[in-house]
Amino acid sequence: MAKPRTLAGAFAFIVAAACAPMALLMEAPDKQLRDPENKPEVEAQGARVLLLGVDGLRADIFREELEAGHLSGFEKLLGGRDDDGGMPHAYLHPKAIAPYPSVTAVGWSTIATGKSPAEHGVTGNEMLLRPSGRFVAPVPMSVDDHADVLATFNDQLFGKLLKVPTVWQRLHEKGLTSWVATNHVHVGADRLLLPGRDDLLQGVVQTLMGHMGLSDGDEAAYSELDDGTFSTVLDALKADEVPPDVLMVYASGTDLLAHHESAPELEAQRRYLREQLNRRAGQLAAYLENHGTWYVIITADHGHTDVLADETHALGAAEEDSPGFRVLREAGFKPHPPSLGHLKGLDDAVFAHQSGAAFVYLADRSKCDEDRCPWSSPPRYEEEVLVAADAFHEARSKGGPMEESLAMVLIREPVPFEEVDHPFEVYLGDGKTMSVGAYLAQHPEHSGPAFAQRLQRLAVGPSGERAGDVLLIARTDPKKPENRYYFGQKYEATHGAALASDSMVPFVLSHPKLTQAQLGGLVKEMAGDVLFLHEVAPIIEKLATSPRLAFDAP
Ligand SMILES: [Zn+2]
């Protein structure tokens, strides 16, 4: 089916292509995921926790807007200001870092499970699952097929992709209830709250087209989606006598608008935060104020960086004619055209785009028969991995087609899928590699906050093979947008790189009756001087299960 170029076209495309899932999607904005009577016999003891997840919100933008006094609604949610202008009941962590690659599916999976990508299994917005050989794209970057977006909300796709329980499942085992509003990773929650059906339909289209780079900066549609989420949450809270122990509310306009509105220095995100989300935060604060005492956590899955929206910088814009596809073809591989589902035919290489990076999966070509290459076993090191690595190394060298755009080629020796995978190493040509840490020490221009550590967490673990056999890292420059490249469609801003602007996220903890020092102590005890997003779930669990404080007594 041809790719729709307008929102109306996209809408018709979705309805035409997916009537059955759409019928499910339209059922109700509020899904009871678990029988409320089926609750373990444990008394809930903890304080209540609100997690406000704001997609793509950059740490510095949130801090600056808060300090400038532009976010009165957020201030109220975080316990207000004192006479000196300080926020006595909120602790803002100075250094919170997203997992790598800094993209949506990885960020929320890490927040919701408390594990690293190589452990929980969601390594990218798009991935090849092995041994089954199925390509999935819950947040499409190269595939113009929305089926996995719908499966995320209709069929708990993330419940199938994740190899470990979510914090929502663990809370349930402890007798605590949780509701999740609109976020992808809701498996285990008691309720999934969704915006009203029309808003959701439009929101799904926007999210899909947003990451496909096809829509324009439709601020009204993004804010309608977030408004729908907040309204459904407030309606549910007001209708139910007992609020959940943990409530997660998710907003995405901050990410979508930044991707599509041409505005230097993320001005679009700044404005959306001030003018749209701030109002909603204030409404949530007004409810919470009169309904007990809540811990409030605000965080994000990744940051954002502005880029140039043209085919030179968008390395996925030309699809099968993109430079990466051409390099693989010239090296003798048959790269798979982007599509969802089980791979068929003699294609022996697969790309998964993550904007700042791309995963390349290779098949053992000695096992291809007349009709199909198998994905049930890993490729061979010399015959596939090194052949592809040499081709990309050549392409990024002087005079090569990716000289400007490709920063690093990372590889590792494949192991059987059930084993723990090796870390990636930087490929230097002639079969030689160097550890990522040593290479970044020599080439600090390619580094970023805790980059080597985050690469380790992506690669080494039971699901590390989902990060591919060859990892391509796009060249990016913290200062000059003209020197930033990305594996994706054309965007005005994007993320997924090791850059600080893509990687640093806000993390705030507040409680109306605790001091900033007490809250800071609590966070530091759990996470130390650097907070990684896999440390958020243990913090939520600890807060929700700690003995109810005296002032929380009913
Ligand atoms: Zn995004």
# chains A, B, ... in the order shown; residues from 1 in each chain; ligands from 1
>>> residues_around(residues="stretch 470-487 of chain A", least_positions_apart="3", cutoff="6 Å", atoms="only C-alpha atoms", output="list in words")
Val307, His313, Ala314, Leu315, Gly316, His353, Ser355, Gly356, Ala357, Ala358, Phe359, Val360, Ser405, Leu406, Ala407, Met408, Val409, Leu410 and Ile411 of chain A
>>> write_last_selection(atoms="C-alpha atoms", output="PDB file, in the first residue's frame")
ATOM      1  CA  VAL A 307      18.769  18.557  13.208  1.00  0.00           C
ATOM      2  CA  HIS A 313      21.145  14.337   7.063  1.00  0.00           C
ATOM      3  CA  ALA A 314      18.199  11.906   7.332  1.00  0.00           C
ATOM      4  CA  LEU A 315      19.999   8.645   6.555  1.00  0.00           C
ATOM      5  CA  GLY A 316      16.745   6.674   6.285  1.00  0.00           C
ATOM      6  CA  HIS A 353      16.657   2.441  12.665  1.00  0.00           C
ATOM      7  CA  SER A 355      17.815   7.704  14.737  1.00  0.00           C
ATOM      8  CA  GLY A 356      21.193   8.242  16.418  1.00  0.00           C
ATOM      9  CA  ALA A 357      22.123   4.636  15.625  1.00  0.00           C
ATOM     10  CA  ALA A 358      21.130   1.704  13.431  1.00  0.00           C
ATOM     11  CA  PHE A 359      21.246  -2.001  14.244  1.00  0.00           C
ATOM     12  CA  VAL A 360      22.280  -4.319  11.417  1.00  0.00           C
ATOM     13  CA  SER A 405      27.668  10.757   8.340  1.00  0.00           C
ATOM     14  CA  LEU A 406      29.028   7.638  10.038  1.00  0.00           C
ATOM     15  CA  ALA A 407      30.969   8.105  13.280  1.00  0.00           C
ATOM     16  CA  MET A 408      31.632   4.546  14.439  1.00  0.00           C
ATOM     17  CA  VAL A 409      31.127   0.937  13.397  1.00  0.00           C
ATOM     18  CA  LEU A 410      30.740  -1.408  16.355  1.00  0.00           C
ATOM     19  CA  ILE A 411      30.849  -5.191  16.169  1.00  0.00           C
TER      20      ILE A 411
END
>>> residues_around(residues="A:Tyr439", least_positions_apart="4", cutoff="12 Å", atoms="only C-alpha atoms", output="list of chain:residue names")
A:Ala407, A:Met408, A:Val409, A:Leu410, A:Phe424, A:Glu425, A:Val426, A:Tyr427, A:Leu428, A:Thr433, A:Met434, A:Ser435, A:His443, A:Pro444, A:Glu445, A:His446, A:Ser447, A:Phe451, A:Ala452
>>> closest_residue(among="A:Asp369, A:Asp306, A:Asp469, A:Glu418", to="A:Val350", atoms="only C-alpha atoms")
A:Asp469
>>> residues_near_ligand(ligand="ligand 1", cutoff="8 Å", atoms="only C-alpha atoms and all ligand atoms", output="mmCIF file with N, CA and C atoms, in the first residue's frame")
data_model
loop_
_atom_site.group_PDB
_atom_site.id
_atom_site.type_symbol
_atom_site.label_atom_id
_atom_site.label_comp_id
_atom_site.auth_asym_id
_atom_site.auth_seq_id
_atom_site.Cartn_x
_atom_site.Cartn_y
_atom_site.Cartn_z
ATOM 1 N N ASP A 55 7.310 12.573 27.369
ATOM 2 C CA ASP A 55 8.145 12.041 26.298
ATOM 3 C C ASP A 55 9.091 13.102 25.727
ATOM 4 N N GLY A 56 10.371 12.739 25.674
ATOM 5 C CA GLY A 56 11.349 13.594 25.001
ATOM 6 C C GLY A 56 11.670 14.903 25.701
ATOM 7 N N VAL A 103 15.870 6.402 22.794
ATOM 8 C CA VAL A 103 14.605 6.434 22.050
ATOM 9 C C VAL A 103 13.462 5.947 22.946
ATOM 10 N N THR A 104 12.245 6.203 22.480
ATOM 11 C CA THR A 104 11.025 6.012 23.267
ATOM 12 C C THR A 104 10.838 4.596 23.823
ATOM 13 N N GLY A 210 4.387 10.686 13.218
ATOM 14 C CA GLY A 210 5.412 11.498 13.851
ATOM 15 C C GLY A 210 6.769 10.855 13.734
ATOM 16 N N HIS A 211 6.864 9.604 14.096
ATOM 17 C CA HIS A 211 8.166 8.963 14.032
ATOM 18 C C HIS A 211 8.535 8.546 12.620
ATOM 19 N N ASP A 255 7.406 15.586 22.678
ATOM 20 C CA ASP A 255 8.260 14.868 21.730
ATOM 21 C C ASP A 255 7.808 15.129 20.293
ATOM 22 N N LEU A 256 6.496 14.975 20.068
ATOM 23 C CA LEU A 256 5.980 15.046 18.697
ATOM 24 C C LEU A 256 6.169 16.430 18.095
ATOM 25 N N HIS A 259 9.773 17.067 17.118
ATOM 26 C CA HIS A 259 10.167 16.381 15.883
ATOM 27 C C HIS A 259 9.777 17.175 14.634
ATOM 28 N N HIS A 304 16.239 15.550 23.329
ATOM 29 C CA HIS A 304 15.976 15.937 21.940
ATOM 30 C C HIS A 304 17.086 16.868 21.461
ATOM 31 N N THR A 494 15.532 15.414 16.618
ATOM 32 C CA THR A 494 15.411 13.984 16.872
ATOM 33 C C THR A 494 16.274 13.616 18.073
ATOM 34 N N HIS A 495 16.439 12.316 18.309
ATOM 35 C CA HIS A 495 17.155 11.833 19.497
ATOM 36 C C HIS A 495 17.642 10.431 19.189
#
>>> select_by_dssp(residues="stretch 85-287 of chain A", states="helix (DSSP H, G or I)", output="MDAnalysis selection string")
chainID A and resid 104:113 117:120 147:154 157:161 167:173 197:212 219:239 253:260 264:287
>>> select_by_dssp(residues="stretch 225-369 of chain A", states="strand (DSSP E or B)", output="number ranges by chain")
A: 246-251, 294-299, 305-306, 314, 335, 341-342, 349-353, 355, 357-362
>>> write_last_selection(atoms="N, CA and C atoms", output="mmCIF file, in the first residue's frame")
data_model
loop_
_atom_site.group_PDB
_atom_site.id
_atom_site.type_symbol
_atom_site.label_atom_id
_atom_site.label_comp_id
_atom_site.auth_asym_id
_atom_site.auth_seq_id
_atom_site.Cartn_x
_atom_site.Cartn_y
_atom_site.Cartn_z
ATOM 1 N N VAL A 246 -0.293 3.484 42.772
ATOM 2 C CA VAL A 246 0.650 4.144 41.866
ATOM 3 C C VAL A 246 -0.085 4.485 40.571
ATOM 4 N N LEU A 247 0.074 5.723 40.137
ATOM 5 C CA LEU A 247 -0.583 6.209 38.928
ATOM 6 C C LEU A 247 0.476 6.746 37.983
ATOM 7 N N MET A 248 0.473 6.237 36.747
ATOM 8 C CA MET A 248 1.382 6.806 35.759
ATOM 9 C C MET A 248 0.587 7.544 34.693
ATOM 10 N N VAL A 249 0.950 8.796 34.474
ATOM 11 C CA VAL A 249 0.309 9.610 33.435
ATOM 12 C C VAL A 249 1.382 9.964 32.408
ATOM 13 N N TYR A 250 1.040 9.767 31.139
ATOM 14 C CA TYR A 250 2.022 9.921 30.066
ATOM 15 C C TYR A 250 1.603 11.028 29.099
ATOM 16 N N ALA A 251 2.538 11.909 28.780
ATOM 17 C CA ALA A 251 2.286 12.974 27.802
ATOM 18 C C ALA A 251 3.311 12.871 26.682
ATOM 19 N N TRP A 294 0.747 12.596 48.191
ATOM 20 C CA TRP A 294 1.326 11.777 47.123
ATOM 21 C C TRP A 294 2.794 12.129 46.937
ATOM 22 N N TYR A 295 3.589 11.112 46.721
ATOM 23 C CA TYR A 295 4.899 11.360 46.117
ATOM 24 C C TYR A 295 4.644 11.666 44.647
ATOM 25 N N VAL A 296 5.374 12.613 44.099
ATOM 26 C CA VAL A 296 5.272 12.888 42.666
ATOM 27 C C VAL A 296 6.663 12.721 42.051
ATOM 28 N N ILE A 297 6.728 11.936 40.987
ATOM 29 C CA ILE A 297 7.980 11.801 40.223
ATOM 30 C C ILE A 297 7.702 12.325 38.820
ATOM 31 N N ILE A 298 8.585 13.183 38.327
ATOM 32 C CA ILE A 298 8.491 13.604 36.919
ATOM 33 C C ILE A 298 9.789 13.184 36.235
ATOM 34 N N THR A 299 9.643 12.488 35.123
ATOM 35 C CA THR A 299 10.842 12.100 34.378
ATOM 36 C C THR A 299 10.499 11.956 32.887
ATOM 37 N N THR A 305 17.375 16.826 20.162
ATOM 38 C CA THR A 305 18.376 17.734 19.594
ATOM 39 C C THR A 305 17.898 18.175 18.228
ATOM 40 N N ASP A 306 18.042 19.464 17.903
ATOM 41 C CA ASP A 306 17.566 19.851 16.572
ATOM 42 C C ASP A 306 18.554 19.444 15.483
ATOM 43 N N ALA A 314 19.100 12.990 6.938
ATOM 44 C CA ALA A 314 18.199 11.906 7.332
ATOM 45 C C ALA A 314 18.621 10.644 6.582
ATOM 46 N N PRO A 335 19.900 -6.632 1.632
ATOM 47 C CA PRO A 335 19.172 -6.049 2.771
ATOM 48 C C PRO A 335 17.659 -6.095 2.577
ATOM 49 N N GLY A 341 6.812 -8.156 10.596
ATOM 50 C CA GLY A 341 6.470 -9.573 10.559
ATOM 51 C C GLY A 341 7.667 -10.469 10.311
ATOM 52 N N HIS A 342 7.365 -11.746 10.022
ATOM 53 C CA HIS A 342 8.431 -12.730 9.832
ATOM 54 C C HIS A 342 9.124 -12.524 8.499
ATOM 55 N N ALA A 349 20.249 -9.503 5.404
ATOM 56 C CA ALA A 349 20.650 -8.399 6.284
ATOM 57 C C ALA A 349 19.417 -7.568 6.590
ATOM 58 N N VAL A 350 19.305 -7.100 7.824
ATOM 59 C CA VAL A 350 18.133 -6.318 8.246
ATOM 60 C C VAL A 350 18.602 -5.078 8.996
ATOM 61 N N PHE A 351 18.018 -3.935 8.645
ATOM 62 C CA PHE A 351 18.291 -2.685 9.335
ATOM 63 C C PHE A 351 17.195 -2.392 10.350
ATOM 64 N N ALA A 352 17.549 -1.903 11.528
ATOM 65 C CA ALA A 352 16.555 -1.351 12.448
ATOM 66 C C ALA A 352 17.041 0.046 12.816
ATOM 67 N N HIS A 353 16.239 1.050 12.484
ATOM 68 C CA HIS A 353 16.657 2.441 12.665
ATOM 69 C C HIS A 353 16.326 2.952 14.066
ATOM 70 N N SER A 355 17.428 6.293 14.879
ATOM 71 C CA SER A 355 17.815 7.704 14.737
ATOM 72 C C SER A 355 19.316 7.922 14.967
ATOM 73 N N ALA A 357 21.407 5.879 15.917
ATOM 74 C CA ALA A 357 22.123 4.636 15.625
ATOM 75 C C ALA A 357 21.270 3.758 14.719
ATOM 76 N N ALA A 358 21.896 2.724 14.160
ATOM 77 C CA ALA A 358 21.130 1.704 13.431
ATOM 78 C C ALA A 358 21.705 0.343 13.792
ATOM 79 N N PHE A 359 20.808 -0.623 14.012
ATOM 80 C CA PHE A 359 21.246 -2.001 14.244
ATOM 81 C C PHE A 359 21.234 -2.711 12.897
ATOM 82 N N VAL A 360 22.279 -3.480 12.621
ATOM 83 C CA VAL A 360 22.280 -4.319 11.417
ATOM 84 C C VAL A 360 22.360 -5.780 11.871
ATOM 85 N N TYR A 361 21.363 -6.565 11.458
ATOM 86 C CA TYR A 361 21.324 -7.991 11.784
ATOM 87 C C TYR A 361 21.714 -8.770 10.529
ATOM 88 N N LEU A 362 22.531 -9.779 10.711
ATOM 89 C CA LEU A 362 23.013 -10.559 9.568
ATOM 90 C C LEU A 362 22.644 -12.028 9.740
#
>>> atom_distance(atom1="atom CA of A:Val149", atom2="atom CA of A:Pro117")
19.6 Å
>>> residues_around(residues="stretch 91-94 of chain A", least_positions_apart="2", cutoff="7 Å", atoms="only C-alpha atoms", output="list in words")
His89, Ala96, Phe507, Val508, Leu509, Ser510, Gln516, Leu519 and Gly520 of chain A
>>> write_last_selection(atoms="C-alpha atoms", output="PDB file, in the first residue's frame")
ATOM      1  CA  HIS A  89       9.390  19.966  48.881  1.00  0.00           C
ATOM      2  CA  ALA A  96      19.666  11.669  35.257  1.00  0.00           C
ATOM      3  CA  PHE A 507      14.111  13.466  37.376  1.00  0.00           C
ATOM      4  CA  VAL A 508      12.230  15.167  40.205  1.00  0.00           C
ATOM      5  CA  LEU A 509      10.842  13.655  43.387  1.00  0.00           C
ATOM      6  CA  SER A 510       8.493  15.631  45.584  1.00  0.00           C
ATOM      7  CA  GLN A 516      14.162  18.748  49.781  1.00  0.00           C
ATOM      8  CA  LEU A 519      13.844  13.646  49.362  1.00  0.00           C
ATOM      9  CA  GLY A 520      17.383  14.115  48.028  1.00  0.00           C
TER      10      GLY A 520
END
>>> residues_around(residues="A:Pro338", least_positions_apart="4", cutoff="12 Å", atoms="only C-alpha atoms", output="mmCIF file with N, CA and C atoms, in the first residue's frame")
data_model
loop_
_atom_site.group_PDB
_atom_site.id
_atom_site.type_symbol
_atom_site.label_atom_id
_atom_site.label_comp_id
_atom_site.auth_asym_id
_atom_site.auth_seq_id
_atom_site.Cartn_x
_atom_site.Cartn_y
_atom_site.Cartn_z
ATOM 1 N N GLU A 126 12.639 -0.131 16.830
ATOM 2 C CA GLU A 126 12.430 -1.230 15.879
ATOM 3 C C GLU A 126 13.457 -2.308 16.229
ATOM 4 N N MET A 127 13.095 -3.563 16.058
ATOM 5 C CA MET A 127 14.050 -4.645 16.379
ATOM 6 C C MET A 127 13.733 -5.887 15.547
ATOM 7 N N LEU A 128 14.763 -6.695 15.359
ATOM 8 C CA LEU A 128 14.549 -8.045 14.833
ATOM 9 C C LEU A 128 14.607 -9.012 16.012
ATOM 10 N N ARG A 134 11.337 -12.344 13.395
ATOM 11 C CA ARG A 134 10.204 -11.426 13.249
ATOM 12 C C ARG A 134 10.677 -9.989 13.487
ATOM 13 N N PHE A 135 10.308 -9.092 12.575
ATOM 14 C CA PHE A 135 10.677 -7.686 12.715
ATOM 15 C C PHE A 135 9.515 -6.960 13.377
ATOM 16 N N VAL A 136 9.798 -6.250 14.471
ATOM 17 C CA VAL A 136 8.744 -5.502 15.168
ATOM 18 C C VAL A 136 9.106 -4.021 15.204
ATOM 19 N N ALA A 137 8.080 -3.176 15.172
ATOM 20 C CA ALA A 137 8.300 -1.724 15.225
ATOM 21 C C ALA A 137 7.190 -1.061 16.033
ATOM 22 N N PRO A 140 7.420 3.019 14.931
ATOM 23 C CA PRO A 140 8.019 2.846 13.593
ATOM 24 C C PRO A 140 8.972 3.977 13.221
ATOM 25 N N MET A 141 10.105 3.602 12.689
ATOM 26 C CA MET A 141 11.101 4.567 12.234
ATOM 27 C C MET A 141 11.338 4.430 10.734
ATOM 28 N N SER A 142 11.187 3.202 10.224
ATOM 29 C CA SER A 142 11.442 2.984 8.797
ATOM 30 C C SER A 142 10.286 2.269 8.114
ATOM 31 N N VAL A 143 9.408 1.644 8.898
ATOM 32 C CA VAL A 143 8.338 0.816 8.333
ATOM 33 C C VAL A 143 7.062 1.631 8.245
ATOM 34 N N ASP A 144 6.439 1.724 7.080
ATOM 35 C CA ASP A 144 5.182 2.482 7.029
ATOM 36 C C ASP A 144 4.001 1.555 7.286
ATOM 37 N N ASP A 145 4.031 0.916 8.422
ATOM 38 C CA ASP A 145 2.995 -0.028 8.835
ATOM 39 C C ASP A 145 2.783 0.213 10.329
ATOM 40 N N GLY A 316 17.740 7.680 6.651
ATOM 41 C CA GLY A 316 16.745 6.674 6.285
ATOM 42 C C GLY A 316 15.727 7.197 5.292
ATOM 43 N N ALA A 318 15.767 7.990 2.175
ATOM 44 C CA ALA A 318 15.684 7.421 0.820
ATOM 45 C C ALA A 318 15.358 5.927 0.850
ATOM 46 N N GLU A 319 14.988 5.422 2.040
ATOM 47 C CA GLU A 319 14.614 4.018 2.223
ATOM 48 C C GLU A 319 15.644 3.067 1.609
ATOM 49 N N GLU A 320 15.205 2.220 0.645
ATOM 50 C CA GLU A 320 16.153 1.223 0.139
ATOM 51 C C GLU A 320 17.316 1.817 -0.645
ATOM 52 N N ASP A 321 17.192 3.117 -0.944
ATOM 53 C CA ASP A 321 18.286 3.773 -1.641
ATOM 54 C C ASP A 321 19.178 4.541 -0.653
ATOM 55 N N SER A 322 18.918 4.373 0.642
ATOM 56 C CA SER A 322 19.704 5.052 1.675
ATOM 57 C C SER A 322 21.147 4.553 1.636
ATOM 58 N N PHE A 325 21.876 0.993 3.068
ATOM 59 C CA PHE A 325 21.411 -0.104 2.212
ATOM 60 C C PHE A 325 22.377 -0.308 1.047
ATOM 61 N N HIS A 342 7.365 -11.746 10.022
ATOM 62 C CA HIS A 342 8.431 -12.730 9.832
ATOM 63 C C HIS A 342 9.124 -12.524 8.499
ATOM 64 N N LEU A 343 10.442 -12.541 8.528
ATOM 65 C CA LEU A 343 11.202 -12.325 7.301
ATOM 66 C C LEU A 343 11.057 -13.534 6.399
ATOM 67 N N ASP A 347 16.646 -12.517 1.693
ATOM 68 C CA ASP A 347 17.284 -11.363 2.316
ATOM 69 C C ASP A 347 18.152 -11.850 3.469
ATOM 70 N N ALA A 349 20.249 -9.503 5.404
ATOM 71 C CA ALA A 349 20.650 -8.399 6.284
ATOM 72 C C ALA A 349 19.417 -7.568 6.590
ATOM 73 N N VAL A 350 19.305 -7.100 7.824
ATOM 74 C CA VAL A 350 18.133 -6.318 8.246
ATOM 75 C C VAL A 350 18.602 -5.078 8.996
ATOM 76 N N PHE A 351 18.018 -3.935 8.645
ATOM 77 C CA PHE A 351 18.291 -2.685 9.335
ATOM 78 C C PHE A 351 17.195 -2.392 10.350
ATOM 79 N N ALA A 352 17.549 -1.903 11.528
ATOM 80 C CA ALA A 352 16.555 -1.351 12.448
ATOM 81 C C ALA A 352 17.041 0.046 12.816
ATOM 82 N N HIS A 353 16.239 1.050 12.484
ATOM 83 C CA HIS A 353 16.657 2.441 12.665
ATOM 84 C C HIS A 353 16.326 2.952 14.066
ATOM 85 N N GLY A 488 16.899 7.806 10.099
ATOM 86 C CA GLY A 488 15.451 7.953 10.199
ATOM 87 C C GLY A 488 14.951 8.786 9.055
#
>>> decode(residues="stretch 402-425 of chain A", atoms="N, CA and C atoms", output="PDB file, in the first residue's frame")
ATOM      1  N   MET A 402      29.939   7.453   3.285  1.00  0.00           N
ATOM      2  CA  MET A 402      29.424   7.840   4.603  1.00  0.00           C
ATOM      3  C   MET A 402      30.508   8.536   5.436  1.00  0.00           C
ATOM      4  N   GLU A 403      31.466   9.118   4.747  1.00  0.00           N
ATOM      5  CA  GLU A 403      32.581   9.794   5.435  1.00  0.00           C
ATOM      6  C   GLU A 403      32.080  10.841   6.430  1.00  0.00           C
ATOM      7  N   GLU A 404      31.074  11.631   5.998  1.00  0.00           N
ATOM      8  CA  GLU A 404      30.560  12.700   6.855  1.00  0.00           C
ATOM      9  C   GLU A 404      29.567  12.181   7.891  1.00  0.00           C
ATOM     10  N   SER A 405      28.855  11.107   7.548  1.00  0.00           N
ATOM     11  CA  SER A 405      27.668  10.757   8.340  1.00  0.00           C
ATOM     12  C   SER A 405      27.872   9.635   9.350  1.00  0.00           C
ATOM     13  N   LEU A 406      28.892   8.800   9.161  1.00  0.00           N
ATOM     14  CA  LEU A 406      29.028   7.638  10.038  1.00  0.00           C
ATOM     15  C   LEU A 406      30.204   7.840  10.987  1.00  0.00           C
ATOM     16  N   ALA A 407      29.915   7.850  12.302  1.00  0.00           N
ATOM     17  CA  ALA A 407      30.969   8.105  13.280  1.00  0.00           C
ATOM     18  C   ALA A 407      31.713   6.826  13.647  1.00  0.00           C
ATOM     19  N   MET A 408      30.983   5.774  13.947  1.00  0.00           N
ATOM     20  CA  MET A 408      31.632   4.546  14.439  1.00  0.00           C
ATOM     21  C   MET A 408      30.897   3.316  13.915  1.00  0.00           C
ATOM     22  N   VAL A 409      31.669   2.254  13.745  1.00  0.00           N
ATOM     23  CA  VAL A 409      31.127   0.937  13.397  1.00  0.00           C
ATOM     24  C   VAL A 409      31.498   0.011  14.549  1.00  0.00           C
ATOM     25  N   LEU A 410      30.489  -0.543  15.197  1.00  0.00           N
ATOM     26  CA  LEU A 410      30.740  -1.408  16.355  1.00  0.00           C
ATOM     27  C   LEU A 410      30.346  -2.845  16.008  1.00  0.00           C
ATOM     28  N   ILE A 411      31.159  -3.777  16.432  1.00  0.00           N
ATOM     29  CA  ILE A 411      30.849  -5.191  16.169  1.00  0.00           C
ATOM     30  C   ILE A 411      31.198  -6.037  17.389  1.00  0.00           C
ATOM     31  N   ARG A 412      30.854  -7.295  17.313  1.00  0.00           N
ATOM     32  CA  ARG A 412      31.226  -8.266  18.355  1.00  0.00           C
ATOM     33  C   ARG A 412      31.079  -9.659  17.773  1.00  0.00           C
ATOM     34  N   GLU A 413      31.686 -10.606  18.439  1.00  0.00           N
ATOM     35  CA  GLU A 413      31.560 -11.980  17.968  1.00  0.00           C
ATOM     36  C   GLU A 413      30.215 -12.543  18.402  1.00  0.00           C
ATOM     37  N   PRO A 414      29.426 -13.068  17.438  1.00  0.00           N
ATOM     38  CA  PRO A 414      28.107 -13.583  17.822  1.00  0.00           C
ATOM     39  C   PRO A 414      28.220 -14.820  18.722  1.00  0.00           C
ATOM     40  N   VAL A 415      27.238 -14.992  19.587  1.00  0.00           N
ATOM     41  CA  VAL A 415      27.142 -16.219  20.397  1.00  0.00           C
ATOM     42  C   VAL A 415      25.729 -16.770  20.194  1.00  0.00           C
ATOM     43  N   PRO A 416      25.479 -18.049  20.532  1.00  0.00           N
ATOM     44  CA  PRO A 416      24.106 -18.574  20.421  1.00  0.00           C
ATOM     45  C   PRO A 416      23.125 -17.666  21.180  1.00  0.00           C
ATOM     46  N   PHE A 417      21.907 -17.505  20.634  1.00  0.00           N
ATOM     47  CA  PHE A 417      20.977 -16.496  21.146  1.00  0.00           C
ATOM     48  C   PHE A 417      20.647 -16.660  22.625  1.00  0.00           C
ATOM     49  N   GLU A 418      20.682 -17.912  23.113  1.00  0.00           N
ATOM     50  CA  GLU A 418      20.286 -18.105  24.510  1.00  0.00           C
ATOM     51  C   GLU A 418      21.391 -17.691  25.482  1.00  0.00           C
ATOM     52  N   GLU A 419      22.589 -17.435  24.947  1.00  0.00           N
ATOM     53  CA  GLU A 419      23.706 -17.044  25.828  1.00  0.00           C
ATOM     54  C   GLU A 419      23.771 -15.531  26.025  1.00  0.00           C
ATOM     55  N   VAL A 420      24.510 -15.145  27.075  1.00  0.00           N
ATOM     56  CA  VAL A 420      24.735 -13.713  27.322  1.00  0.00           C
ATOM     57  C   VAL A 420      25.676 -13.187  26.241  1.00  0.00           C
ATOM     58  N   ASP A 421      25.296 -12.046  25.630  1.00  0.00           N
ATOM     59  CA  ASP A 421      26.051 -11.537  24.482  1.00  0.00           C
ATOM     60  C   ASP A 421      27.304 -10.764  24.898  1.00  0.00           C
ATOM     61  N   HIS A 422      28.256 -10.709  23.965  1.00  0.00           N
ATOM     62  CA  HIS A 422      29.490  -9.955  24.191  1.00  0.00           C
ATOM     63  C   HIS A 422      29.223  -8.462  24.094  1.00  0.00           C
ATOM     64  N   PRO A 423      30.100  -7.644  24.699  1.00  0.00           N
ATOM     65  CA  PRO A 423      29.993  -6.196  24.477  1.00  0.00           C
ATOM     66  C   PRO A 423      30.396  -5.856  23.048  1.00  0.00           C
ATOM     67  N   PHE A 424      29.936  -4.726  22.565  1.00  0.00           N
ATOM     68  CA  PHE A 424      30.397  -4.239  21.264  1.00  0.00           C
ATOM     69  C   PHE A 424      31.804  -3.673  21.411  1.00  0.00           C
ATOM     70  N   GLU A 425      32.581  -3.790  20.311  1.00  0.00           N
ATOM     71  CA  GLU A 425      33.883  -3.135  20.232  1.00  0.00           C
ATOM     72  C   GLU A 425      33.909  -2.281  18.979  1.00  0.00           C
TER      73      GLU A 425
END
